[in-house]
Amino acid sequence: MTIQRLTKTVLACTVLVTVALTRPLPQLASVEGLGASITDGKPSLVLAAEGEGASANNHSWKGHQEVIEELEASRTPDVIFVPTPQDVVEIMLELAEVKRDDLLYDLGCGDGRIVVTAAREYGSRCIGYDIDPQRVKESLENVKENNVEHLVKIEQQDIFTLDLSEASVITLYLLKSLNTRLIPQLEKLKPGSRIVSHDYDMSGVKPDTAFTVDSIEDDYEHSIFLWTTPLEKVEESDE
Ligand SMILES: C[S@@+](CC[C@H](N)C(=O)[O-])C[C@H]1O[C@@H](n2cnc3c(N)ncnc32)[C@H](O)[C@@H]1O
């Protein structure tokens with residue numbers, strides 16, 4: 001090999017090594033927008049914004065199928081899944097005056113319809129929490145189908161273990177007894193935060209407003225309650 005050919009070969013190898021070292025690694029988070037982490041021996045499933053959100057949340061990022069396979073039931077849900085009709089969802093979000101700078105938590109998010117609607121229609125950041133792996137899976141799929149991964153996270157969590165202090169809007173479709181059990185957590189919300197509940201009141205705290213609406217979707221009458229923090233305590237027993 002001549003000196004010239006040898007120099008050319010060395011140069012070509014250098015270029016190849018440089019390209020290989022500087023090429024960005026494939027980011028599963030950006031492609032799938034899905035992540036999972038195991039905390040306290042329980043899987044905590046998260047769907048989050050790519051890039052910044054991913055590192056801020058300190059999750060390890062995995063493919064969709066892998067995430068779903070890791071879902072396990074931690075305990076029986078306190079209430080079964082019944083979806084809020086979409087027209088009632090719209091009224092709940094309007095009543096809460098959801099805005100772009102809100103952080104909305106749906107406690108027991110079911111198929112994710114409330115968080116997806118809030119993100120899609122108001123551009124607000126949302127987290128949907130559910131204890132049931134099947135619901136988490138459906139919510140993750142709903143978020144992905146609606147391309148709101150950059151705004152919405154879904155986590156498999158027991159809502160009674162959550163710190164709600166960062167949220168500014170809370171949506172509920174649980175039971176009166178469960179809403180009431182959440183009061184100590186709801187009291188940690190910042191002043192001016194809104195809590196909207198479908199069908200169920202809360203004992204011992206006075207709603208700002210309560211009314212019924214007829215859903216065109218299911219032909220039933222639905223109650224809606226709104227509270228604004230700080231919660232106003234009233235004498236009332238839980239039944
Ligand atoms: C009636 S559904 C409401 C679903 C959704 N928020 C909606 O309005 O369409 C109640 C949801 O709460 C979930 N759930 C029940 N107990 C829970 C708990 N302790 N922690 C988290 N989610 C729970 C159930 O799995 C179910 O998906």
# chains A, B, ... in the order shown; residues from 1 in each chain; ligands from 1

$ residues_near_ligand --ligand "ligand 1" --cutoff "7 Å" --atoms "only C-alpha atoms and all ligand atoms" --output "list in words"
Pro77, Asp78, Val79, Ile80, Phe81, Val82, Pro83, Thr84, Asp106, Leu107, Gly108, Cys109, Gly110, Asp111, Gly112, Arg113, Ile114, Tyr129, Asp130, Ile131, Asp132, Arg135, Gln157, Asp158, Ile159, Phe160, Leu172, Tyr173 and Leu174 of chain A

$ residues_around --residues "Val148 in chain A" --least-positions-apart "3" --cutoff "7 Å" --atoms "only C-alpha atoms" --output "PyMOL selection string"
chain A and resi 116+119-120+143-144+151-152

$ residues_around --residues "range 193-200 of chain A" --least-positions-apart "4" --cutoff "7 Å" --atoms "only C-alpha atoms" --output "PyMOL selection string"
chain A and resi 92+96+168-173+175-176+189+222-229

$ write_last_selection --atoms "N, CA and C atoms" --output "PDB file, in the first residue's frame"
ATOM      1  N   MET A  92     -68.257  19.553  32.627  1.00  0.00           N
ATOM      2  CA  MET A  92     -67.408  19.566  33.837  1.00  0.00           C
ATOM      3  C   MET A  92     -66.184  20.465  33.632  1.00  0.00           C
ATOM      4  N   ALA A  96     -65.245  24.061  35.469  1.00  0.00           N
ATOM      5  CA  ALA A  96     -63.982  24.246  36.203  1.00  0.00           C
ATOM      6  C   ALA A  96     -63.140  25.372  35.604  1.00  0.00           C
ATOM      7  N   SER A 168     -54.178  22.092  39.944  1.00  0.00           N
ATOM      8  CA  SER A 168     -55.057  23.261  40.090  1.00  0.00           C
ATOM      9  C   SER A 168     -56.499  22.900  39.751  1.00  0.00           C
ATOM     10  N   VAL A 169     -56.699  21.758  39.099  1.00  0.00           N
ATOM     11  CA  VAL A 169     -58.051  21.255  38.830  1.00  0.00           C
ATOM     12  C   VAL A 169     -58.064  19.756  39.132  1.00  0.00           C
ATOM     13  N   ILE A 170     -59.102  19.325  39.861  1.00  0.00           N
ATOM     14  CA  ILE A 170     -59.271  17.896  40.156  1.00  0.00           C
ATOM     15  C   ILE A 170     -60.626  17.463  39.608  1.00  0.00           C
ATOM     16  N   THR A 171     -60.652  16.350  38.882  1.00  0.00           N
ATOM     17  CA  THR A 171     -61.951  15.819  38.452  1.00  0.00           C
ATOM     18  C   THR A 171     -62.178  14.469  39.111  1.00  0.00           C
ATOM     19  N   LEU A 172     -63.430  14.225  39.481  1.00  0.00           N
ATOM     20  CA  LEU A 172     -63.798  13.014  40.222  1.00  0.00           C
ATOM     21  C   LEU A 172     -65.058  12.388  39.634  1.00  0.00           C
ATOM     22  N   TYR A 173     -65.035  11.069  39.521  1.00  0.00           N
ATOM     23  CA  TYR A 173     -66.276  10.319  39.304  1.00  0.00           C
ATOM     24  C   TYR A 173     -66.098   9.039  40.111  1.00  0.00           C
ATOM     25  N   LEU A 175     -67.408   7.961  44.379  1.00  0.00           N
ATOM     26  CA  LEU A 175     -68.608   7.791  45.216  1.00  0.00           C
ATOM     27  C   LEU A 175     -68.545   8.873  46.282  1.00  0.00           C
ATOM     28  N   LYS A 176     -69.667   9.168  46.929  1.00  0.00           N
ATOM     29  CA  LYS A 176     -69.655  10.211  47.958  1.00  0.00           C
ATOM     30  C   LYS A 176     -68.666   9.863  49.084  1.00  0.00           C
ATOM     31  N   LEU A 189     -54.562  21.427  48.308  1.00  0.00           N
ATOM     32  CA  LEU A 189     -54.558  22.163  47.036  1.00  0.00           C
ATOM     33  C   LEU A 189     -54.341  23.648  47.296  1.00  0.00           C
ATOM     34  N   HIS A 222     -77.543  13.711  34.956  1.00  0.00           N
ATOM     35  CA  HIS A 222     -76.279  13.603  35.704  1.00  0.00           C
ATOM     36  C   HIS A 222     -76.118  14.825  36.594  1.00  0.00           C
ATOM     37  N   SER A 223     -75.664  14.594  37.827  1.00  0.00           N
ATOM     38  CA  SER A 223     -75.384  15.716  38.727  1.00  0.00           C
ATOM     39  C   SER A 223     -73.929  16.138  38.567  1.00  0.00           C
ATOM     40  N   ILE A 224     -73.706  17.428  38.752  1.00  0.00           N
ATOM     41  CA  ILE A 224     -72.325  17.953  38.724  1.00  0.00           C
ATOM     42  C   ILE A 224     -72.145  18.890  39.916  1.00  0.00           C
ATOM     43  N   PHE A 225     -71.035  18.739  40.604  1.00  0.00           N
ATOM     44  CA  PHE A 225     -70.712  19.549  41.791  1.00  0.00           C
ATOM     45  C   PHE A 225     -69.386  20.270  41.548  1.00  0.00           C
ATOM     46  N   LEU A 226     -69.319  21.508  42.023  1.00  0.00           N
ATOM     47  CA  LEU A 226     -68.067  22.265  41.934  1.00  0.00           C
ATOM     48  C   LEU A 226     -67.699  22.838  43.301  1.00  0.00           C
ATOM     49  N   TRP A 227     -66.454  22.655  43.698  1.00  0.00           N
ATOM     50  CA  TRP A 227     -65.906  23.288  44.903  1.00  0.00           C
ATOM     51  C   TRP A 227     -64.678  24.093  44.486  1.00  0.00           C
ATOM     52  N   THR A 228     -64.462  25.196  45.162  1.00  0.00           N
ATOM     53  CA  THR A 228     -63.218  25.953  44.954  1.00  0.00           C
ATOM     54  C   THR A 228     -62.488  26.001  46.287  1.00  0.00           C
ATOM     55  N   THR A 229     -61.188  25.811  46.264  1.00  0.00           N
ATOM     56  CA  THR A 229     -60.413  25.817  47.522  1.00  0.00           C
ATOM     57  C   THR A 229     -60.120  27.256  47.956  1.00  0.00           C
TER      58      THR A 229
END

$ closest_atom_pairs --of "range 109-130 of chain A" --to "range 98-101 of chain A" --cutoff "6 Å" --atoms "only C-alpha atoms" --output "Markdown table"
| residue | atom | partner | partner_atom | distance |
| --- | --- | --- | --- | --- |
| A:Tyr122 | CA | A:Arg100 | CA | 5.6 |
| A:Gly123 | CA | A:Arg100 | CA | 5.0 |
| A:Ser124 | CA | A:Arg100 | CA | 4.3 |

$ atom_distance --atom1 "CA of Glu94 in chain A" --atom2 "CA of Pro191 in chain A"
19.1 Å

$ select_by_dssp --residues "range 97-212 of chain A" --states "strand (DSSP E)" --output "list in words"
Leu103, Leu104, Tyr105, Asp106, Leu107, Arg125, Cys126, Ile127, Gly128, Tyr129, Asp130, Val152, Lys153, Ile154, Glu155, Gln156, Val169, Ile170, Thr171, Leu172, Arg194, Ile195, Val196, Ser197, His198, Thr209, Ala210, Phe211 and Thr212 of chain A

$ write_last_selection --atoms "N, CA and C atoms" --output "short mmCIF file (atom, residue, chain, number, x, y, z; two decimals), in the first residue's frame"
data_model
loop_
_atom_site.label_atom_id
_atom_site.label_comp_id
_atom_site.auth_asym_id
_atom_site.auth_seq_id
_atom_site.Cartn_x
_atom_site.Cartn_y
_atom_site.Cartn_z
N LEU A 103 -53.00 22.55 35.78
CA LEU A 103 -52.53 21.17 35.87
C LEU A 103 -53.71 20.37 36.43
N LEU A 104 -54.29 19.54 35.58
CA LEU A 104 -55.51 18.82 35.95
C LEU A 104 -55.19 17.37 36.32
N TYR A 105 -55.72 16.90 37.44
CA TYR A 105 -55.60 15.48 37.81
C TYR A 105 -56.99 14.86 37.74
N ASP A 106 -57.13 13.74 37.03
CA ASP A 106 -58.37 12.98 37.11
C ASP A 106 -58.09 11.79 38.01
N LEU A 107 -58.78 11.74 39.14
CA LEU A 107 -58.52 10.69 40.14
C LEU A 107 -59.42 9.48 39.86
N ARG A 125 -52.03 20.82 30.93
CA ARG A 125 -51.28 19.62 31.31
C ARG A 125 -52.14 18.80 32.24
N CYS A 126 -52.08 17.50 32.09
CA CYS A 126 -52.97 16.64 32.87
C CYS A 126 -52.25 15.37 33.30
N ILE A 127 -52.70 14.84 34.45
CA ILE A 127 -52.26 13.50 34.86
C ILE A 127 -53.51 12.69 35.20
N GLY A 128 -53.58 11.52 34.61
CA GLY A 128 -54.68 10.60 34.91
C GLY A 128 -54.14 9.48 35.78
N TYR A 129 -54.80 9.25 36.93
CA TYR A 129 -54.37 8.19 37.83
C TYR A 129 -55.44 7.11 37.88
N ASP A 130 -55.01 5.87 37.76
CA ASP A 130 -55.95 4.77 37.96
C ASP A 130 -55.19 3.59 38.56
N VAL A 152 -50.08 14.99 28.47
CA VAL A 152 -50.75 14.08 29.40
C VAL A 152 -49.84 12.95 29.88
N LYS A 153 -49.91 12.70 31.19
CA LYS A 153 -49.24 11.53 31.77
C LYS A 153 -50.33 10.63 32.35
N ILE A 154 -50.08 9.34 32.31
CA ILE A 154 -51.00 8.38 32.95
C ILE A 154 -50.17 7.58 33.94
N GLU A 155 -50.67 7.48 35.16
CA GLU A 155 -49.92 6.73 36.18
C GLU A 155 -50.81 5.71 36.87
N GLN A 156 -50.25 4.53 37.08
CA GLN A 156 -50.97 3.51 37.86
C GLN A 156 -50.67 3.76 39.34
N VAL A 169 -56.70 21.76 39.10
CA VAL A 169 -58.05 21.26 38.83
C VAL A 169 -58.06 19.76 39.13
N ILE A 170 -59.10 19.32 39.86
CA ILE A 170 -59.27 17.90 40.16
C ILE A 170 -60.63 17.46 39.61
N THR A 171 -60.65 16.35 38.88
CA THR A 171 -61.95 15.82 38.45
C THR A 171 -62.18 14.47 39.11
N LEU A 172 -63.43 14.22 39.48
CA LEU A 172 -63.80 13.01 40.22
C LEU A 172 -65.06 12.39 39.63
N ARG A 194 -59.88 24.20 41.60
CA ARG A 194 -61.27 23.77 41.40
C ARG A 194 -61.38 22.24 41.44
N ILE A 195 -62.44 21.78 42.07
CA ILE A 195 -62.71 20.34 42.15
C ILE A 195 -64.09 20.13 41.54
N VAL A 196 -64.17 19.27 40.53
CA VAL A 196 -65.46 19.00 39.91
C VAL A 196 -65.76 17.53 40.06
N SER A 197 -66.97 17.23 40.54
CA SER A 197 -67.34 15.82 40.71
C SER A 197 -68.59 15.49 39.91
N HIS A 198 -68.52 14.36 39.23
CA HIS A 198 -69.66 13.86 38.48
C HIS A 198 -70.50 12.99 39.41
N THR A 209 -71.46 25.26 43.69
CA THR A 209 -72.65 25.06 42.88
C THR A 209 -72.87 23.56 42.66
N ALA A 210 -74.14 23.20 42.45
CA ALA A 210 -74.49 21.81 42.14
C ALA A 210 -75.73 21.86 41.25
N PHE A 211 -75.71 21.11 40.18
CA PHE A 211 -76.87 21.12 39.27
C PHE A 211 -76.91 19.80 38.49
N THR A 212 -78.00 19.61 37.77
CA THR A 212 -78.10 18.39 36.96
C THR A 212 -78.15 18.77 35.48
#

$ atom_distance --atom1 "CA of Ser203 in chain A" --atom2 "CA of Lys233 in chain A"
9.1 Å

$ closest_residue --among "A:Thr117, A:Glu97, A:Asp163, A:Ile216" --to "Asn147 in chain A" --atoms "only C-alpha atoms"
A:Thr117

$ select_by_dssp --residues "range 157-205 of chain A" --states "helix (DSSP H, G or I)" --output "list of chain:residue names"
A:Ile159, A:Phe160, A:Thr161, A:Lys176, A:Ser177, A:Leu178, A:Asn179, A:Thr180, A:Arg181, A:Ile183, A:Pro184, A:Gln185, A:Leu186

$ write_last_selection --atoms "C-alpha atoms" --output "PDB file, in the first residue's frame"
ATOM      1  CA  ILE A 159     -55.435   7.893  44.492  1.00  0.00           C
ATOM      2  CA  PHE A 160     -55.435   7.796  48.309  1.00  0.00           C
ATOM      3  CA  THR A 161     -51.629   7.864  48.319  1.00  0.00           C
ATOM      4  CA  LYS A 176     -69.655  10.211  47.958  1.00  0.00           C
ATOM      5  CA  SER A 177     -67.779   8.195  50.597  1.00  0.00           C
ATOM      6  CA  LEU A 178     -64.607   8.150  48.453  1.00  0.00           C
ATOM      7  CA  ASN A 179     -64.835  11.897  47.706  1.00  0.00           C
ATOM      8  CA  THR A 180     -65.165  12.489  51.447  1.00  0.00           C
ATOM      9  CA  ARG A 181     -62.144  10.279  52.178  1.00  0.00           C
ATOM     10  CA  ILE A 183     -60.803  15.689  51.783  1.00  0.00           C
ATOM     11  CA  PRO A 184     -57.487  15.694  53.735  1.00  0.00           C
ATOM     12  CA  GLN A 185     -55.625  15.436  50.408  1.00  0.00           C
ATOM     13  CA  LEU A 186     -57.866  18.025  48.693  1.00  0.00           C
TER      14      LEU A 186
END

$ closest_residue --among "A:Leu140, A:Leu182, A:Pro230, A:Pro85" --to "Pro207 in chain A" --atoms "only C-alpha atoms"
A:Pro230
